[in-house]
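Source file entry.cif; content: mmCIF, C-alpha atoms.
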data_my_file
loop_
_atom_site.label_atom_id
_atom_site.label_comp_id
_atom_site.auth_asym_id
_atom_site.auth_seq_id
_atom_site.Cartn_x
_atom_site.Cartn_y
_atom_site.Cartn_z
CA MET G 1 -11.93 147.94 95.97
CA ARG G 2 -15.56 146.85 96.25
CA ARG G 3 -14.72 143.42 94.80
CA GLN G 4 -11.81 143.05 97.24
CA ASN G 5 -14.08 143.92 100.19
CA LEU G 6 -16.65 141.35 99.08
CA LYS G 7 -13.89 138.74 98.80
CA LEU G 8 -12.66 139.50 102.34
CA LEU G 9 -16.23 139.35 103.67
CA PHE G 10 -16.79 135.97 102.02
CA ILE G 11 -13.54 134.58 103.44
CA GLY G 12 -14.52 135.89 106.88
CA LEU G 13 -17.84 134.06 106.67
CA LEU G 14 -16.04 130.87 105.70
CA ILE G 15 -13.73 131.18 108.70
CA ALA G 16 -16.68 131.77 111.04
CA GLN G 17 -18.45 128.71 109.68
CA GLY G 18 -15.34 126.57 109.73
CA LEU G 19 -14.59 127.22 113.36
CA ARG G 20 -17.54 125.00 114.16
CA ALA G 21 -15.45 121.82 113.94
CA THR G 22 -16.14 118.07 114.38
CA ASP G 23 -15.73 115.29 116.90
CA ASN G 24 -16.58 111.92 115.41
CA ALA G 25 -16.92 108.45 116.93
CA HIS G 26 -19.21 107.97 119.96
CA PHE G 27 -20.75 104.93 121.62
CA TYR G 28 -24.17 106.15 120.48
CA LYS G 29 -23.33 106.81 116.80
CA SER G 30 -21.18 105.22 114.14
CA ALA G 31 -18.15 107.21 113.06
CA ASN G 32 -18.24 109.14 109.82
CA LEU G 33 -15.66 108.49 107.11
CA HIS G 34 -12.28 109.43 108.58
CA ARG G 35 -10.39 110.25 105.37
CA ASN G 36 -9.73 113.64 103.77
CA PRO G 37 -12.64 115.19 101.85
CA THR G 38 -12.54 114.84 98.06
CA ALA G 39 -10.59 117.60 96.31
CA CYS G 40 -11.73 119.38 93.15
CA TRP G 41 -9.96 118.62 89.83
CA PHE G 42 -9.91 122.08 88.28
CA ASP G 43 -9.33 121.84 84.47
CA ASP G 44 -9.38 118.03 84.91
CA LYS G 45 -6.05 117.98 86.76
CA GLN G 46 -5.36 116.35 90.12
CA TYR G 47 -3.59 117.52 93.27
CA TYR G 48 -5.14 120.95 93.74
CA GLY G 49 -5.87 119.81 97.29
CA ILE G 50 -2.32 120.74 98.36
CA SER G 51 -2.11 124.06 96.49
CA ASP G 52 -0.77 126.98 98.50
CA TRP G 53 -3.50 129.13 100.11
CA LEU G 54 -6.35 126.83 98.98
CA TRP G 55 -9.56 127.00 101.04
CA LYS G 56 -11.70 123.88 101.55
CA VAL G 57 -15.09 124.23 103.23
CA ASP G 58 -17.38 121.26 103.94
CA ASP G 59 -20.74 120.79 105.59
CA ASN G 60 -22.96 117.73 105.93
CA LEU G 61 -26.30 116.89 107.48
CA MET G 62 -27.14 113.42 108.75
CA TYR G 63 -29.82 111.51 110.63
CA GLY G 64 -29.63 108.25 112.52
CA ASP G 65 -31.66 106.22 115.02
CA ALA G 66 -31.43 102.95 116.89
CA HIS G 67 -33.55 100.64 119.00
CA SER G 68 -30.83 98.05 119.49
CA GLY G 69 -27.15 97.96 120.29
CA TRP G 70 -24.42 95.70 121.66
CA ASP G 71 -24.21 95.14 125.39
CA LYS G 72 -21.19 94.71 127.68
CA ASN G 73 -20.71 91.16 126.32
CA GLY G 74 -21.16 92.09 122.66
CA ASN G 75 -24.67 90.61 122.44
CA THR G 76 -27.54 92.41 120.69
CA THR G 77 -30.05 94.05 123.03
CA ASN G 78 -32.10 97.22 123.36
CA ILE G 79 -29.99 100.38 123.69
CA LEU G 80 -31.13 101.01 127.29
CA ASN G 81 -30.25 97.47 128.29
CA ASP G 82 -26.62 97.94 127.20
CA THR G 83 -25.34 97.34 130.73
CA GLY G 84 -27.66 94.37 131.23
CA ALA G 85 -30.94 94.11 133.12
CA TYR G 86 -31.16 96.08 136.38
CA ASN G 87 -31.16 94.06 139.60
CA MET G 88 -33.08 96.45 141.86
CA LEU G 89 -32.49 94.34 144.98
CA TRP G 90 -29.13 96.09 145.46
CA LEU G 91 -30.41 99.60 144.66
CA PHE G 92 -30.31 100.95 148.25
CA GLU G 93 -27.11 99.24 149.36
CA ASN G 94 -24.87 101.79 151.18
CA VAL G 95 -27.22 104.62 150.09
CA GLN G 96 -28.63 107.14 152.57
CA LYS G 97 -32.28 106.33 153.35
CA VAL G 98 -34.05 109.66 152.98
CA ASP G 99 -37.37 108.72 154.63
CA ALA G 100 -39.36 105.87 156.19
CA ASP G 101 -40.74 104.57 152.87
CA ILE G 102 -37.25 104.25 151.43
CA GLN G 103 -36.10 102.49 154.61
CA ASN G 104 -38.99 100.00 154.28
CA TYR G 105 -38.05 99.23 150.67
CA ALA G 106 -34.39 98.87 151.64
CA ASN G 107 -35.32 96.47 154.45
CA PHE G 108 -37.44 94.44 152.03
CA MET G 109 -34.61 94.22 149.45
CA SER G 110 -32.13 93.23 152.17
CA SER G 111 -34.42 90.51 153.50
CA ILE G 112 -34.65 88.99 150.02
CA THR G 113 -30.89 88.94 149.34
CA SER G 114 -30.19 87.44 152.79
CA ASP G 115 -32.88 84.74 152.48
CA VAL G 116 -31.25 81.29 152.18
CA ALA G 117 -33.90 80.37 149.60
CA TYR G 118 -32.97 83.27 147.34
CA ASP G 119 -31.12 82.23 144.19
CA PRO G 120 -28.96 85.07 142.80
CA ASN G 121 -29.04 83.40 139.39
CA GLN G 122 -32.80 83.97 139.16
CA THR G 123 -34.30 87.17 137.76
CA TYR G 124 -36.39 88.20 140.74
CA GLY G 125 -36.33 91.97 141.28
CA THR G 126 -34.83 92.58 137.84
CA LEU G 127 -36.06 95.19 135.32
CA LYS G 128 -35.17 95.36 131.64
CA PHE G 129 -35.39 98.86 130.17
CA ASP G 130 -36.21 99.66 126.55
CA GLY G 131 -36.20 102.85 124.47
CA LYS G 132 -35.26 104.51 121.20
CA PHE G 133 -32.34 106.78 120.28
CA GLU G 134 -32.49 109.49 117.60
CA MET G 135 -29.91 112.00 116.40
CA TRP G 136 -29.53 114.83 113.92
CA GLU G 137 -26.08 116.16 113.20
CA SER G 138 -24.55 118.85 111.03
CA ASN G 139 -20.76 118.84 110.64
CA TYR G 140 -18.77 121.86 109.50
CA GLN G 141 -15.15 121.76 108.46
CA VAL G 142 -12.78 124.34 107.01
CA ARG G 143 -9.20 123.94 105.88
CA LYS G 144 -6.81 126.73 104.94
CA ASN G 145 -3.62 125.68 103.15
CA LEU G 146 -0.49 127.64 103.99
CA LYS G 147 2.92 127.14 102.34
CA LYS G 148 5.05 124.01 101.84
CA GLY G 149 2.21 121.61 102.59
CA PHE G 150 1.18 123.04 105.98
CA PHE G 151 -2.46 123.85 106.67
CA LEU G 152 -4.84 124.85 109.45
CA GLU G 153 -8.09 122.97 109.96
CA ALA G 154 -11.11 123.43 112.20
CA ARG G 155 -14.09 121.13 112.76
CA VAL G 156 -17.31 121.11 114.81
CA PRO G 157 -20.67 119.34 114.80
CA VAL G 158 -24.02 120.77 115.84
CA ARG G 159 -25.82 117.78 117.29
CA GLU G 160 -29.28 116.87 118.57
CA VAL G 161 -29.60 113.68 120.62
CA LYS G 162 -32.78 112.11 121.98
CA ILE G 163 -33.77 109.14 124.13
CA LYS G 164 -37.51 108.46 124.08
CA ASN G 165 -40.22 105.77 124.34
CA ILE G 166 -38.70 104.61 127.64
CA SER G 167 -40.34 101.64 129.35
CA TYR G 168 -39.39 98.59 131.35
CA THR G 169 -40.30 94.90 131.62
CA ASP G 170 -40.29 93.02 134.92
CA LEU G 171 -38.19 89.88 134.44
CA SER G 172 -39.29 88.34 137.76
CA GLN G 173 -40.92 84.93 137.71
CA ASP G 174 -44.70 84.89 137.30
CA TYR G 175 -45.38 82.69 140.35
CA GLY G 176 -43.72 81.61 143.58
CA PRO G 177 -42.30 83.24 146.73
CA PHE G 178 -39.91 85.38 144.67
CA SER G 179 -42.16 86.54 141.86
CA LYS G 180 -44.15 89.40 140.37
CA GLU G 181 -46.96 88.59 142.85
CA ASN G 182 -45.04 89.78 145.92
CA ALA G 183 -47.01 92.70 147.37
CA THR G 184 -44.02 94.79 148.47
CA TRP G 185 -42.31 94.32 145.09
CA VAL G 186 -45.53 95.38 143.33
CA GLN G 187 -45.74 98.46 145.59
CA PHE G 188 -42.09 99.33 144.86
CA LYS G 189 -42.69 99.21 141.10
CA ASN G 190 -45.79 101.38 141.45
CA GLN G 191 -43.73 103.91 143.44
CA LEU G 192 -40.58 103.70 141.32
CA ASN G 193 -40.92 107.27 140.04
CA SER G 194 -41.43 108.55 143.57
CA VAL G 195 -38.27 106.74 144.71
CA LEU G 196 -36.27 108.20 141.83
CA ASN G 197 -37.61 111.71 142.47
CA LYS G 198 -36.43 111.58 146.09
CA TYR G 199 -32.87 111.08 144.84
CA GLY G 200 -32.96 113.86 142.26
CA TYR G 201 -34.06 111.90 139.20
CA LYS G 202 -36.96 112.78 136.93
CA ASP G 203 -39.52 110.05 136.20
CA TYR G 204 -37.85 107.11 134.47
CA SER G 205 -40.02 107.51 131.34
CA THR G 206 -39.17 111.22 130.88
CA PRO G 207 -37.73 111.65 127.35
CA TYR G 208 -34.25 113.11 127.17
CA GLY G 209 -33.31 115.58 124.45
CA LYS G 210 -30.43 117.99 123.94
CA THR G 211 -29.35 120.19 121.05
CA GLY G 212 -25.98 121.90 121.06
CA LEU G 213 -22.45 122.05 119.80
CA GLY G 214 -20.21 119.04 119.86
CA ASP G 215 -16.54 119.45 120.76
CA ILE G 216 -14.55 121.87 118.61
CA SER G 217 -11.21 120.65 117.28
CA LEU G 218 -8.48 122.98 115.99
CA LEU G 219 -5.64 121.34 114.08
CA LEU G 220 -2.32 122.04 112.42
CA GLY G 221 -1.53 119.68 109.57
CA TRP G 222 0.91 118.86 106.82
CA GLU G 223 0.28 117.10 103.51
CA ASP G 224 2.35 116.33 100.42
CA ILE G 225 2.06 114.12 97.35
CA PHE G 226 4.98 112.06 96.06
CA GLU G 227 4.79 110.94 92.42
CA LYS G 228 6.46 108.28 90.28
CA ARG G 229 6.20 108.82 86.51
CA ASN G 230 6.90 106.63 83.49
CA ASP G 231 8.99 107.59 80.44
CA GLU G 232 5.99 109.37 78.90
CA GLY G 233 5.67 111.59 81.95
CA GLU G 234 2.44 109.95 83.16
CA ASP G 235 1.82 109.17 86.82
CA VAL G 236 2.03 105.45 87.53
CA PHE G 237 2.05 105.70 91.33
CA THR G 238 1.40 108.42 93.91
CA LEU G 239 1.65 108.57 97.68
CA ASP G 240 -0.41 111.20 99.49
CA LEU G 241 0.86 111.57 103.05
CA SER G 242 -0.90 113.77 105.61
CA ALA G 243 -0.69 114.27 109.36
CA ARG G 244 -2.61 116.38 111.88
CA LEU G 245 -2.16 117.37 115.50
CA GLY G 246 -4.34 119.66 117.60
CA PHE G 247 -6.72 120.17 120.49
CA LEU G 248 -10.27 119.09 121.20
CA CYS G 249 -12.12 121.81 123.11
CA PRO G 250 -14.94 120.91 125.57
CA THR G 251 -17.78 122.89 123.96
CA GLY G 252 -20.34 120.07 124.07
CA GLU G 253 -23.07 119.54 126.65
CA ARG G 254 -22.34 117.37 129.70
CA VAL G 255 -24.34 114.40 130.98
CA LYS G 256 -27.35 115.56 133.02
CA THR G 257 -27.55 113.88 136.45
CA ASP G 258 -31.33 114.32 136.76
CA TYR G 259 -32.03 111.95 133.86
CA ILE G 260 -31.40 108.21 134.09
CA PHE G 261 -30.52 108.00 130.39
CA SER G 262 -28.54 111.11 129.48
CA ILE G 263 -26.11 111.54 126.58
CA PRO G 264 -23.45 114.25 126.15
CA THR G 265 -23.27 116.07 122.82
CA GLY G 266 -19.47 115.84 122.94
CA TYR G 267 -17.05 113.95 125.18
CA ASN G 268 -18.56 115.09 128.48
CA HIS G 269 -16.53 118.30 128.83
CA HIS G 270 -13.01 116.87 128.58
CA TRP G 271 -10.16 118.70 126.88
CA GLY G 272 -8.29 116.45 124.48
CA LEU G 273 -5.09 116.16 122.47
CA THR G 274 -5.91 114.72 119.06
CA GLY G 275 -3.90 113.58 116.06
CA SER G 276 -4.10 111.47 112.92
CA LEU G 277 -2.00 110.02 110.10
CA GLU G 278 -3.22 109.14 106.60
CA LEU G 279 -1.51 107.34 103.69
CA ASP G 280 -3.24 107.38 100.32
CA PHE G 281 -1.73 105.15 97.60
CA GLY G 282 -2.74 106.14 94.08
CA VAL G 283 -2.32 102.96 92.04
CA LEU G 284 -4.18 104.35 89.02
CA ARG G 285 -5.33 107.82 88.08
CA TRP G 286 -8.85 106.88 89.12
CA LEU G 287 -8.10 104.39 91.92
CA SER G 288 -6.49 104.86 95.32
CA ILE G 289 -6.20 102.90 98.57
CA ASP G 290 -6.26 104.84 101.82
CA LEU G 291 -4.90 103.77 105.21
CA PHE G 292 -5.56 105.93 108.26
CA GLY G 293 -5.42 106.03 112.02
CA GLY G 294 -5.90 108.57 114.78
CA PHE G 295 -6.33 109.15 118.50
CA THR G 296 -7.75 111.54 121.08
CA TRP G 297 -6.14 111.55 124.50
CA PHE G 298 -8.34 113.20 127.14
CA PHE G 299 -7.28 115.31 130.10
CA ASP G 300 -8.76 114.44 133.51
CA GLU G 301 -11.84 116.34 134.65
CA ASN G 302 -12.99 117.05 138.21
CA ARG G 303 -16.75 116.66 138.62
CA ARG G 304 -18.64 118.70 141.20
CA GLU G 305 -21.59 116.33 140.96
CA MET G 306 -21.36 112.82 139.56
CA ARG G 307 -23.54 109.76 140.01
CA MET G 308 -21.65 106.68 141.19
CA GLN G 309 -22.69 103.27 142.36
CA THR G 310 -22.24 102.41 146.03
CA PHE G 311 -21.99 98.63 145.91
CA SER G 312 -20.17 96.15 143.67
CA GLU G 313 -23.36 94.25 142.75
CA GLN G 314 -25.00 97.36 141.35
CA ASN G 315 -24.61 98.05 137.63
CA GLY G 316 -26.10 100.32 134.99
CA HIS G 317 -27.47 103.83 134.64
CA ILE G 318 -29.53 104.03 137.86
CA MET G 319 -27.29 105.29 140.67
CA LEU G 320 -28.98 107.02 143.60
CA ALA G 321 -25.89 108.61 145.20
CA LYS G 322 -23.96 111.62 143.91
CA GLY G 323 -20.62 113.07 144.91
CA LEU G 324 -17.39 114.80 143.93
CA ALA G 325 -15.03 112.78 141.73
CA LYS G 326 -12.17 112.90 139.26
CA GLU G 327 -12.99 111.35 135.89
CA GLU G 328 -10.15 109.89 133.81
CA LYS G 329 -11.55 109.29 130.35
CA GLY G 330 -10.14 106.44 128.29
CA THR G 331 -8.21 107.22 125.10
CA LEU G 332 -10.27 107.18 121.91
CA TRP G 333 -8.56 105.77 118.80
CA TYR G 334 -9.36 104.39 115.37
CA LEU G 335 -7.79 102.48 112.48
CA GLY G 336 -9.17 101.88 109.02
CA ALA G 337 -8.84 101.68 105.27
CA ASP G 338 -10.88 102.51 102.20
CA ILE G 339 -10.86 102.29 98.42
CA LYS G 340 -11.63 105.37 96.36
CA PHE G 341 -12.75 105.34 92.73
CA ASP G 342 -11.63 108.89 92.03
CA HIS G 343 -13.50 110.70 89.21
CA PHE G 344 -14.24 107.37 87.57
CA TRP G 345 -17.02 108.98 85.52
CA LYS G 346 -16.71 112.70 84.89
CA GLY G 347 -16.89 114.31 88.38
CA LEU G 348 -18.30 111.23 90.14
CA SER G 349 -16.21 109.50 92.82
CA GLY G 350 -17.09 106.55 95.03
CA ILE G 351 -15.60 105.50 98.37
CA PHE G 352 -16.01 102.22 100.23
CA GLY G 353 -14.25 101.97 103.58
CA TYR G 354 -13.95 100.30 106.96
CA SER G 355 -12.93 101.59 110.39
CA TYR G 356 -12.43 100.17 113.86
CA ASN G 357 -13.28 102.75 116.53
CA ARG G 358 -12.53 102.17 120.20
CA GLN G 359 -12.54 104.04 123.47
CA GLU G 360 -10.60 102.53 126.37
CA GLU G 361 -12.16 102.24 129.82
CA ASP G 362 -12.77 105.25 132.06
CA SER G 363 -11.63 105.46 135.67
CA ILE G 364 -13.43 107.31 138.48
CA THR G 365 -11.75 108.44 141.70
CA PRO G 366 -14.41 109.51 144.26
CA ASP G 367 -13.63 112.24 146.74
CA ASP G 368 -15.72 110.65 149.52
CA THR G 369 -14.14 107.22 150.00
CA THR G 370 -16.40 106.47 152.96
CA LEU G 371 -19.58 106.44 150.87
CA PHE G 372 -17.96 105.39 147.58
CA ASP G 373 -15.53 102.52 147.30
CA LYS G 374 -13.36 103.14 144.22
CA THR G 375 -13.33 99.45 143.23
CA ALA G 376 -17.12 99.25 143.43
CA VAL G 377 -17.55 102.53 141.53
CA ASN G 378 -15.35 101.37 138.65
CA LYS G 379 -17.01 97.98 138.40
CA ASN G 380 -19.94 99.58 136.57
CA SER G 381 -19.79 98.33 132.95
CA MET G 382 -20.74 101.82 131.74
CA LEU G 383 -17.07 102.71 132.37
CA HIS G 384 -15.55 99.70 130.64
CA GLY G 385 -15.05 101.23 127.21
CA TRP G 386 -16.67 100.48 123.87
CA TYR G 387 -15.87 99.69 120.26
CA THR G 388 -17.58 99.52 116.86
CA HIS G 389 -16.68 98.11 113.46
CA VAL G 390 -18.14 100.38 110.76
CA LEU G 391 -18.49 100.17 106.97
CA HIS G 392 -18.50 103.52 105.13
CA PHE G 393 -20.16 104.29 101.78
CA MET G 394 -19.98 107.59 99.88
CA LEU G 395 -20.72 108.98 96.43
CA ASP G 396 -19.25 112.41 95.68
CA TYR G 397 -19.59 114.67 92.64
CA ASP G 398 -17.07 117.38 91.74
CA PHE G 399 -18.43 120.19 89.55
CA SER G 400 -15.04 121.79 88.87
CA ILE G 401 -14.50 119.69 85.73
CA HIS G 402 -17.49 121.44 84.12
CA MET G 403 -16.27 124.96 84.85
CA LYS G 404 -13.99 127.34 82.93
CA GLU G 405 -10.23 127.03 83.37
CA THR G 406 -10.11 130.51 84.87
CA THR G 407 -12.59 129.57 87.61
CA LYS G 408 -11.16 129.89 91.11
CA TRP G 409 -13.86 128.02 93.03
CA ALA G 410 -16.09 124.98 92.57
CA PRO G 411 -18.66 123.03 94.62
CA ARG G 412 -18.80 119.35 95.56
CA VAL G 413 -21.82 117.35 96.74
CA ASN G 414 -22.04 113.88 98.28
CA VAL G 415 -24.33 111.30 99.84
CA PHE G 416 -23.12 108.83 102.45
CA TYR G 417 -24.13 105.97 104.74
CA GLU G 418 -22.36 104.50 107.82
CA LEU G 419 -23.17 100.86 108.71
CA PRO G 420 -22.11 99.43 112.10
CA ILE G 421 -21.51 95.68 111.81
CA ASP G 422 -20.23 94.72 115.26
CA GLY G 423 -19.54 96.33 118.60
CA LYS G 424 -19.56 96.32 122.39
CA ASN G 425 -21.25 98.79 124.78
CA SER G 426 -22.41 100.74 121.71
CA TYR G 427 -25.55 101.53 119.73
CA LYS G 428 -26.39 100.23 116.25
CA THR G 429 -26.99 103.74 114.92
CA ASP G 430 -26.47 103.83 111.13
CA PRO G 431 -26.38 107.51 110.04
CA PHE G 432 -27.05 108.58 106.47
CA GLY G 433 -26.90 112.05 105.01
CA VAL G 434 -25.84 114.55 102.38
CA GLY G 435 -22.92 116.92 102.20
CA ILE G 436 -21.74 119.94 100.27
CA GLY G 437 -18.25 121.35 99.94
CA VAL G 438 -16.45 124.22 98.20
CA ASP G 439 -12.82 124.49 97.08
CA LEU G 440 -11.41 128.00 96.57
CA LEU G 441 -8.05 128.76 94.94
CA TRP G 442 -7.83 132.26 96.44
#

For this file, produce the structure as structure tokens.
Amino acid sequence: MRRQNLKLLFIGLLIAQGLRATDNAHFYKSANLHRNPTACWFDDKQYYGISDWLWKVDDNLMYGDAHSGWDKNGNTTNILNDTGAYNMLWLFENVQKVDADIQNYANFMSSITSDVAYDPNQTYGTLKFDGKFEMWESNYQVRKNLKKGFFLEARVPVREVKIKNISYTDLSQDYGPFSKENATWVQFKNQLNSVLNKYGYKDYSTPYGKTGLGDISLLLGWEDIFEKRNDEGEDVFTLDLSARLGFLCPTGERVKTDYIFSIPTGYNHHWGLTGSLELDFGVLRWLSIDLFGGFTWFFDENRREMRMQTFSEQNGHIMLAKGLAKEEKGTLWYLGADIKFDHFWKGLSGIFGYSYNRQEEDSITPDDTTLFDKTAVNKNSMLHGWYTHVLHFMLDYDFSIHMKETTKWAPRVNVFYELPIDGKNSYKTDPFGVGIGVDLLW
């Protein structure tokens, strides 16, 4: 009875850990490997991964950082310049002027843009922001096999995101009537923090940091393995087919409107419907080719307070006006493939893969159509979607092959690295980390 109670307690702890599930691809981090975790080969035999009532528990810890990313045109730039340099001459257009100083700056900006000598192709009044992104992430995943190939799965990350070392460079010309020497422009730059504070922003250089859950996903899945054998009864070809469908729950932290550069820890509090399909072709006992794809479709979310731009020439993260709005988040989807060298030396496996991860453009519908023109609001390139091409590398070791045949559980450990090679509106964050997993035949 005591042993049975301990077993139930251990299973309960696994369930509690597993219900912290995982979201994956974001514009600020490269996606982790999308495929199924490696399964233990108890007594040196394959296919225990689909055994009835099997438990699989996985956890990994990773770190990544980035100074650079890809901008709205796919060109390399600093992460805070992803929407391009900020033309401050349009900052106050259609925005309420809260005091006399703001009105003076607005009048100055308006006089420049209406001056016949002003060339909009020049960089006068333009600031280029720079900074650094850092993240720590721990992903938990649990899978409980049922009968006839069905299973339940839960995933969640605990994530810390930071933006720091924020600064800007004035791209205005050094000399001339429209240059860095202009006294009012110099005064505006000196008072930039004061201007931002009056519209509810913290100082532009204030570091942003948030630690919290990502978005929990709860899934129902099915998996089976189809085998073709030769006359000697040996496998010559296998097909591992798996599918998942479930919900993404909005447990992550939202964007904070008092920071210019704020990052959500999940998908900005949207519910989602998520699914995936995976085909694994076993061409040799130790070699398989995996094809996979998946999607997350997001439900609309009404925002009580959202920053939106008020003029079509504005663009980027600095938006002085806030209002009510409905946010329609673009569908997130991915496709990819990898090669797995499965237990090619004792318990050691290696995986090399590729994935294309994309989120379609968002759409904002403002409640106040007098202050916010929907066309102007949605012209901001922050809403125009993103994509990344990522290479995945992993080494995994399965300890089950060293354990007794009567053993009902075994650990796995791995190291991994994710390398982004191309993208748009995304950061060049290349996470690396370590993972541990346990398979239980209870």

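When the PyMOL selection byres ((chain G and resi 320) around 8) is evaluated against the file, it yields G:Leu91, G:Phe92, G:Val95, G:Leu196, G:Tyr199, G:Arg307, G:Met308, G:Gln309, G:Ile318, G:Met319, G:Ala321, G:Lys322.
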
Which stretch 248-273 of chain G residues have any atom within 10 Å of an atom of stretch 329-335 of chain G, and for each, what is the nearest pair of atoms with distance in Å to one decimal, counting all atoms listed in the file, rows sorted by chain and number, as a tab-separated table?
residue	atom	partner	partner_atom	distance
G:Tyr267	CA	G:Lys329	CA	8.9
G:Asn268	CA	G:Lys329	CA	9.3
G:His270	CA	G:Lys329	CA	7.9
G:Gly272	CA	G:Thr331	CA	9.3
G:Leu273	CA	G:Thr331	CA	9.8

Discussion item. (-28.5, 120.7, 118.1) in this file's frame - what residues fall within 7 Å of it? Use only C-alpha atoms and give the answer as a list in words.
Written reply: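 Here the neighbourhood of the point contains Val158, Arg159, Glu160, Lys210, Thr211, Gly212 and Leu213 of chain G.
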
Fill in: G:Gly246, G:Gly125, G:Pro420, G:Gly74 ranked by distance to G:Lys29, top pick (using all atoms listed in the file)
G:Pro420

Discussion item. Can you spell out as a list in words the set of residues that the PyMOL selection byres ((chain G and resi 205) around 7) selects in the structure I just provided?
Written reply: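 Matching residues under the PyMOL selection byres ((chain G and resi 205) around 7) are Ile166, Ser167, Asp203, Tyr204, Thr206 and Pro207 of chain G.
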
Worksheet item: In terms of the shortest atom-to-atom distance over all atoms listed in the file, which of G:Arg285, G:Arg35, G:Lys132, G:Arg254 is closest to G:Tyr47?
Response: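 Distance minimum relative to G:Tyr47 lands on G:Arg285.
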
Fill in: Which residue of G:Met403, G:Asp396, G:Ile421, G:Asp82 approaches G:Ala39 most closely, using only C-alpha atoms
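When distances to G:Ala39 are compared using only C-alpha atoms, the smallest one comes from G:Asp396.
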
Distance query 10 Å from (-29.0, 94.8, 124.5) using all atoms listed in the file, result as a short mmCIF file (atom, residue, chain, number, x, y, z; two decimals) with C-alpha atoms, keeping the file's coordinate frame:
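To be explicit, this is the file written out as out.cif:
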data_model
loop_
_atom_site.label_atom_id
_atom_site.label_comp_id
_atom_site.auth_asym_id
_atom_site.auth_seq_id
_atom_site.Cartn_x
_atom_site.Cartn_y
_atom_site.Cartn_z
CA HIS G 67 -33.55 100.64 119.00
CA SER G 68 -30.83 98.05 119.49
CA GLY G 69 -27.15 97.96 120.29
CA TRP G 70 -24.42 95.70 121.66
CA ASP G 71 -24.21 95.14 125.39
CA LYS G 72 -21.19 94.71 127.68
CA ASN G 73 -20.71 91.16 126.32
CA GLY G 74 -21.16 92.09 122.66
CA ASN G 75 -24.67 90.61 122.44
CA THR G 76 -27.54 92.41 120.69
CA THR G 77 -30.05 94.05 123.03
CA ASN G 78 -32.10 97.22 123.36
CA ILE G 79 -29.99 100.38 123.69
CA LEU G 80 -31.13 101.01 127.29
CA ASN G 81 -30.25 97.47 128.29
CA ASP G 82 -26.62 97.94 127.20
CA THR G 83 -25.34 97.34 130.73
CA GLY G 84 -27.66 94.37 131.23
CA ALA G 85 -30.94 94.11 133.12
CA LYS G 128 -35.17 95.36 131.64
CA PHE G 129 -35.39 98.86 130.17
CA ASP G 130 -36.21 99.66 126.55
CA LYS G 424 -19.56 96.32 122.39
CA ASN G 425 -21.25 98.79 124.78
CA SER G 426 -22.41 100.74 121.71
CA TYR G 427 -25.55 101.53 119.73
#

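For the file shown, the residue list from the PyMOL selection byres ((chain G and resi 411) around 10) reads Ala39, Cys40, Lys56, Val57, Asp58, Tyr397, Asp398, Phe399, Ser400, Trp409, Ala410, Arg412, Val413, Ile436, Gly437, Val438, Asp439 and Leu440 of chain G.
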
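The interatomic distance for the pair atom CA of G:Ser110 and atom CA of G:Ala183 works out to 15.6 Å.
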
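Residue nearest G:Gln359, chosen from G:Thr388, G:Thr113, G:Thr184, G:Asn32 and counting all atoms listed in the file: G:Thr388.
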
Worksheet item: Using all atoms listed in the file, which residue out of G:Lys147, G:Leu248, G:Gly282, G:Phe341 lies closest to G:Phe295?
Response: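 Selected residue with least distance to G:Phe295: G:Leu248.
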
Discussion item. Need to verify the contact set: G:Gly294, 10 Å, only C-alpha atoms, exclusion of same-chain residues closer than 2 positions in sequence. Can you return it as a list of chain:residue names?
Written reply: G:His34, G:Ala243, G:Arg244, G:Leu245, G:Thr274, G:Gly275, G:Ser276, G:Leu277, G:Glu278, G:Phe292, G:Thr296, G:Leu332, G:Trp333, G:Tyr334, G:Leu335, G:Gly336, G:Asn357

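Taking atom CA of G:Asp65 and atom CA of G:Lys189 as the two end points, the separation is 29.2 Å.
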
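When only C-alpha atoms are used to compute distances to G:Ala154, the closest of the residues G:Gly221, G:Gly350, G:Gly49, G:Pro250 turns out to be G:Gly221.
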
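Coordinates place atom CA of G:Ser312 at a distance of 18.3 Å from atom CA of G:Tyr124.
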
Fill in: Test item: residues at most 9 Å from G:Gly149, only C-alpha atoms, excluding those fewer than 4 positions along its chain, as a list in words
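Residues meeting the cut-off are Ile50, Ser51, Asp52, Asn145, Gly221, Trp222, Glu223, Asp224 and Ser242 of chain G.
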